[in-house]
Structures are given as structure tokens and as C-alpha cells.
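Written below as C-alpha cells is the structure these notes are about.
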Amino acid sequence: MIPRSILVAEDLENYTEEGRQRGRTVRNVAQDVSKLLQEDLQLFFAEDLKTFPQKKIHNEKDISAWHHDHEVALEELAKELSVKARPVLKYGAPAEEILKAIHSWPRPEMVIMGTQGHRGLERFLEGSVAEEVILKSERPVMVLGPYSQKKFFSFKKHRPRRILVPTDLSRSSRPAEQYGLSLAARLNAELVLFHSVFDYIKKVHDASIISGFASFDMERVFQKMTRDAESLLEKKKRLFRRTLGNCEYVIAQQNKSISEALLEESANNYCMVVMGTHSRRNALTRAFLGSSARETILQAEIPVVVVHSH
């Protein structure tokens with residue numbers, strides 16, 4: 001079996017109390033995942049020369065001392081953990097170096113990282129390291145947003161463990177479904193599939209009004225699509241129960257957007273959300289699904305694992 005590890009993105013240059021607390025929370029969560037999956041950690045930091053004081057940039061001794069401080073800091077952080085953790089120090093743009101590590105062989109199980117999310121929902125993640133890693137990573141990325149950093153501290157407190165997997169029941173959701181199934185089996189957790197039909201119906205209804213086509217009875221269509229969704233979800237539940245003993249599904253209530261319904265459901269004693277996002281090659285589709293992912297990461301009180309639907 002190919003050995004795998006979990007890559008933990010560190011931010012050694014953030015000296016604020018909030019930054020230090022975020023780092024501690026991310027490492028605590030990574031330590032839990034490491035124990036549950038029985039995989040080692042990589043504490044990963046990329047030295048970005050842009051963060052180095054410009055007045056000292058030409059002083060070789062200062063740069064050497066800067067590098068040495070990072071080496072010592074990573075080693076100390078690794079020693080504080082109760083699992084095997086290997087310090088990894090690289091030089092270059094953080095997102096680029098993280099992606100190189102993700103795509104190197106053997107590839108890590110996943111990436112675990114935190115994000116600040118201070119710039120508002122409409123600009124959340126925009127231009128950030130987290131955004132670039134999420135969009136380009138070929139491995140799942142577990143992200144702790146601002147609320148989960150404050151509210152979520154350990155997987156040990158969640159008993160029984162429950163994993164929430166939103167699905168649109170199309171082929172694009174299968175990678176997230178399969179990864180959620182794999183995690184649930186290894187974590188001895190319940191898998192709950194989550195589906196919303198109202199958000200899609202409302203968009204089609206609104207578009208029909210704008211375009212001049214006759215509107216339709218949303219209630220009747222909602223009921224028909226709900227019955228169809230229940231039939232498909234029952235099939236998935238039976239299939240998944242061949243691998244996992246405990247699998248259920250939830251269909252979102254009417255009159256709620258998928259983001260609202262997903263966040264509401266995620267508050268019901270789940271330990272994580274595993275959700276898919278479309279390939280970056282389809283910009284329009286990605287923008288729609290990406291907005292749901294951004295809202296979930298920003299507002300969820302539990303970690304969110306993003307899996308690409310390649």
C-alpha cells in the first residue's frame with residue numbers, strides 16, 4: 001500500500017493572536033484526523049520573499065536568520081503534536097508550493113488549512129492562498145473557516161460521528177459522494193446525503209418569467225421533483241449501505257436556498273461537510289457551485305472538505 005500523509009498548511013508569518021489561534025485550531029483538527037486515519041502529518045510552510053522586510057532583502061545574513069527561524073518554528077510545532085509530524089519548509093509562492101506538494105508522488109490524503117474570510121461573502125477567498133489551492137488541487141482540501149475556527153475543536157466530541165454530503169444527484173457529485181463514503185467508513189461515521197430541489201426550480205421559474213415564457217406551478221413541480229429525488233436517494237442509500245452500515249438522506253425544505261438549507265442542516269451534530277465543486281474548466285458552472293462552497297466555508301461551524309468533480 002502506498003503510504004500517504006496529510007499536508008497541513010502553516011502560516012508562520014501571521015503573528016497576530018487570531019493568526020496563532022487559527023494555527024492551533026488547524027493543527028488540533030489535523031492531529032485528530034491523523035489519528036483517525038492513521039496517517040502522518042506534514043507541517044508545510046513556504047517562505048515567500050514578499051513577506052521579508054524590504055530594507056533587509058539584500059542582506060544575506062538576515063535572510064539566513066529568517067530561514068533558520070522558520071526551521072526552528074516548524075520543528076517546535078511538530079514536537080508539540082502527539083502524532084508523527086514532519087516539518088516541510090519550501091521557498092516560493094505559498095499556493096504554488098502547496099500545489100506542487102499536492103501533485104508530487106506519493107500524493108497526500110488531503111490538505112488541511114484555515115482561512116481568514118475577513119473581506120465579506122462576495123469577495124471571500126478572492127485572491128487568497130486558500131482560493132487558489134481549492135480551485136487547483138487534485139486532492140481534497142479541508143478548510144476551517146472563521147466560524148469553525150471558533151466553534152470546532154475536536155472530532156472526539158462528536159459521537160456518533162456524522163458526515164454531511166450535499167449532492168445534486170448528477171455525475172458531478174460522485175467524487176464528493178465517494179470520498180465522503182470512504183471517510184465515513186474509515187472514521188466509523190454515519191453518512192448523510194443532502195439534496196435540494198427548490199433552489200434549482202426557483203432559478204428556472206425566475207428565468208421563465210424574465211424571458212417571457214409562461215410561469216409554472218412551483219408547488220406541483222417541487223412535489224414531483226421531490227418524489228424523483230427520493231427514489232434516486234433511496235437507491236444510493238441501499239448501494240452505500242453495502243460498504244457502510246449507516247447511511248441516510250435529507251431533502252431540503254421548500255422556500256430555502258441550497259446554501260441556507262445546507263448551513264441549517266450542518267448545525268445538526270455533524271463533524272464535517274464533504275462537498276464537490278465543478279472542474280475549473282467550466283467557469284460559469286464553477287461560479288454557481290463556488291458561491292455555495294464559499295458560503296458554506298465562511299459560515300459553517302464545522303470543517304468543510306472540498307472535492308473536485310473532475
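Here's how to read the names in the C-alpha cells: chain A, B, ... by the order shown, residue numbers from 1 in each chain, ligand numbers from 1 in the order shown.
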- Residues at most 6 Å from stretch 269-275 of chain A, counting only C-alpha atoms, excluding those fewer than 4 positions away in the same chain, as a ChimeraX atom specification? /A:162-166,176,180,302-306
- Which neighbours of stretch 93-95 of chain A fall inside 12 Å, counting only C-alpha atoms, when residues of the same chain fewer than 5 positions from it are skipped, and could you give them as a VMD selection string? chain A and resid 9 to 13 44 to 51 100 to 102 111 113 127 to 137
- Message: Report as JSON, numbers by chain all protein, DNA and RNA residues lying within 8 Å of A:Leu169, evaluated on only C-alpha atoms, omitting residues in the same chain fewer than 4 positions from it.
- Response: {"A": [173, 174, 195, 229, 232, 233]}
Those residues with all heavy atoms, as an mmCIF file, in the first residue's frame please?
```cif
data_model
loop_
_atom_site.group_PDB
_atom_site.id
_atom_site.type_symbol
_atom_site.label_atom_id
_atom_site.label_comp_id
_atom_site.auth_asym_id
_atom_site.auth_seq_id
_atom_site.Cartn_x
_atom_site.Cartn_y
_atom_site.Cartn_z
ATOM 1 N N SER A 173 -21.450 15.114 -8.795
ATOM 2 C CA SER A 173 -21.413 14.957 -7.341
ATOM 3 C C SER A 173 -20.758 13.649 -6.903
ATOM 4 O O SER A 173 -20.497 13.467 -5.703
ATOM 5 C CB SER A 173 -22.833 15.001 -6.766
ATOM 6 O OG SER A 173 -23.364 16.300 -6.832
ATOM 7 N N ARG A 174 -20.478 12.760 -7.816
ATOM 8 C CA ARG A 174 -19.981 11.437 -7.436
ATOM 9 C C ARG A 174 -18.633 11.457 -6.728
ATOM 10 O O ARG A 174 -18.440 10.706 -5.761
ATOM 11 C CB ARG A 174 -19.926 10.527 -8.678
ATOM 12 C CG ARG A 174 -21.311 10.141 -9.183
ATOM 13 C CD ARG A 174 -21.248 9.276 -10.413
ATOM 14 N NE ARG A 174 -22.578 9.061 -10.973
ATOM 15 C CZ ARG A 174 -22.809 8.472 -12.138
ATOM 16 N NH1 ARG A 174 -21.775 8.016 -12.861
ATOM 17 N NH2 ARG A 174 -24.035 8.329 -12.582
ATOM 18 N N HIS A 195 -29.851 16.821 -0.293
ATOM 19 C CA HIS A 195 -30.253 17.253 -1.638
ATOM 20 C C HIS A 195 -31.295 18.359 -1.544
ATOM 21 O O HIS A 195 -32.173 18.352 -0.684
ATOM 22 C CB HIS A 195 -30.838 16.071 -2.416
ATOM 23 C CG HIS A 195 -31.272 16.428 -3.801
ATOM 24 N ND1 HIS A 195 -30.391 16.777 -4.806
ATOM 25 C CD2 HIS A 195 -32.517 16.525 -4.350
ATOM 26 C CE1 HIS A 195 -31.055 17.046 -5.905
ATOM 27 N NE2 HIS A 195 -32.343 16.910 -5.665
ATOM 28 N N ALA A 229 -36.369 12.665 -6.574
ATOM 29 C CA ALA A 229 -35.139 12.710 -5.777
ATOM 30 C C ALA A 229 -35.147 11.631 -4.702
ATOM 31 O O ALA A 229 -34.131 10.968 -4.467
ATOM 32 C CB ALA A 229 -34.972 14.088 -5.141
ATOM 33 N N LEU A 232 -34.185 8.292 -6.247
ATOM 34 C CA LEU A 232 -32.749 8.186 -6.522
ATOM 35 C C LEU A 232 -31.940 8.076 -5.230
ATOM 36 O O LEU A 232 -30.977 7.313 -5.150
ATOM 37 C CB LEU A 232 -32.283 9.399 -7.327
ATOM 38 C CG LEU A 232 -32.769 9.484 -8.775
ATOM 39 C CD1 LEU A 232 -32.395 10.830 -9.380
ATOM 40 C CD2 LEU A 232 -32.178 8.350 -9.603
ATOM 41 N N LEU A 233 -32.323 8.838 -4.215
ATOM 42 C CA LEU A 233 -31.595 8.799 -2.955
ATOM 43 C C LEU A 233 -31.769 7.453 -2.245
ATOM 44 O O LEU A 233 -30.837 6.968 -1.595
ATOM 45 C CB LEU A 233 -32.069 9.944 -2.049
ATOM 46 C CG LEU A 233 -31.578 11.331 -2.461
ATOM 47 C CD1 LEU A 233 -32.382 12.419 -1.758
ATOM 48 C CD2 LEU A 233 -30.094 11.494 -2.155
#
```
- Query: DSSP says strand (DSSP E or B) for which residues of stretch 125-244 of chain A? Put them as a PyMOL selection string?
  - Reply: chain A and resi 141-144+162-166+190-195
- Query: Neighbours of A:Ser82 within 10 Å (only C-alpha atoms; same-chain residues fewer than 3 positions away dropped), as a ChimeraX atom specification?
  - Reply: /A:28,31-32,34-35,78-79,85
- Just list the residues in stretch 141-203 of chain A DSSP gives alpha helix (DSSP H) on the backbone, as JSON, numbers by chain. {"A": [146, 147, 148, 149, 150, 151, 174, 175, 176, 177, 178, 179, 180, 181, 182, 183, 184, 185, 186, 187, 198, 199, 200, 201, 202, 203]}
Could those selected residues go to a file with N, CA and C atoms, as a tab-separated table (two decimals), in the first residue's frame?
```
chain	number	residue	atom	x	y	z
A	146	PRO	N	-13.79	30.97	9.40
A	146	PRO	CA	-13.73	31.75	10.64
A	146	PRO	C	-14.63	31.23	11.75
A	147	TYR	N	-15.83	30.74	11.42
A	147	TYR	CA	-16.72	30.23	12.47
A	147	TYR	C	-16.25	28.89	13.01
A	148	SER	N	-15.81	28.01	12.13
A	148	SER	CA	-15.36	26.70	12.61
A	148	SER	C	-14.08	26.82	13.44
A	149	GLN	N	-13.27	27.83	13.16
A	149	GLN	CA	-12.07	28.04	13.98
A	149	GLN	C	-12.43	28.38	15.42
A	150	LYS	N	-13.58	29.02	15.61
A	150	LYS	CA	-14.01	29.41	16.96
A	150	LYS	C	-14.86	28.34	17.62
A	151	LYS	N	-15.63	27.59	16.81
A	151	LYS	CA	-16.61	26.66	17.38
A	151	LYS	C	-16.16	25.21	17.41
A	174	ARG	N	-20.48	12.76	-7.82
A	174	ARG	CA	-19.98	11.44	-7.44
A	174	ARG	C	-18.63	11.46	-6.73
A	175	PRO	N	-17.65	12.28	-7.18
A	175	PRO	CA	-16.38	12.29	-6.43
A	175	PRO	C	-16.55	12.65	-4.96
A	176	ALA	N	-17.38	13.65	-4.67
A	176	ALA	CA	-17.62	14.03	-3.27
A	176	ALA	C	-18.36	12.93	-2.53
A	177	GLU	N	-19.34	12.32	-3.19
A	177	GLU	CA	-20.07	11.21	-2.56
A	177	GLU	C	-19.13	10.06	-2.22
A	178	GLN	N	-18.26	9.70	-3.17
A	178	GLN	CA	-17.36	8.58	-2.95
A	178	GLN	C	-16.32	8.88	-1.88
A	179	TYR	N	-15.82	10.11	-1.86
A	179	TYR	CA	-14.84	10.46	-0.83
A	179	TYR	C	-15.50	10.53	0.54
A	180	GLY	N	-16.72	11.06	0.58
A	180	GLY	CA	-17.46	11.07	1.83
A	180	GLY	C	-17.72	9.67	2.33
A	181	LEU	N	-18.05	8.75	1.41
A	181	LEU	CA	-18.27	7.35	1.77
A	181	LEU	C	-16.99	6.73	2.33
A	182	SER	N	-15.87	7.00	1.67
A	182	SER	CA	-14.59	6.47	2.12
A	182	SER	C	-14.25	6.98	3.52
A	183	LEU	N	-14.40	8.29	3.75
A	183	LEU	CA	-14.12	8.85	5.06
A	183	LEU	C	-15.04	8.26	6.13
A	184	ALA	N	-16.31	8.16	5.81
A	184	ALA	CA	-17.27	7.63	6.78
A	184	ALA	C	-16.92	6.20	7.18
A	185	ALA	N	-16.50	5.40	6.20
A	185	ALA	CA	-16.14	4.00	6.50
A	185	ALA	C	-14.91	3.95	7.41
A	186	ARG	N	-13.92	4.80	7.13
A	186	ARG	CA	-12.68	4.77	7.92
A	186	ARG	C	-12.83	5.44	9.29
A	187	LEU	N	-13.77	6.38	9.39
A	187	LEU	CA	-13.97	7.09	10.65
A	187	LEU	C	-15.09	6.47	11.48
A	198	PHE	N	-35.46	22.86	-4.49
A	198	PHE	CA	-36.14	24.16	-4.57
A	198	PHE	C	-35.28	25.21	-5.24
A	199	ASP	N	-33.99	25.24	-4.91
A	199	ASP	CA	-33.11	26.27	-5.46
A	199	ASP	C	-33.10	26.21	-6.99
A	200	TYR	N	-33.02	25.00	-7.53
A	200	TYR	CA	-33.00	24.83	-8.98
A	200	TYR	C	-34.33	25.24	-9.60
A	201	ILE	N	-35.42	24.81	-8.98
A	201	ILE	CA	-36.74	25.14	-9.51
A	201	ILE	C	-36.97	26.65	-9.53
A	202	LYS	N	-36.57	27.32	-8.44
A	202	LYS	CA	-36.77	28.76	-8.35
A	202	LYS	C	-36.00	29.50	-9.45
A	203	LYS	N	-34.77	29.06	-9.72
A	203	LYS	CA	-33.98	29.72	-10.77
A	203	LYS	C	-34.63	29.55	-12.14
```
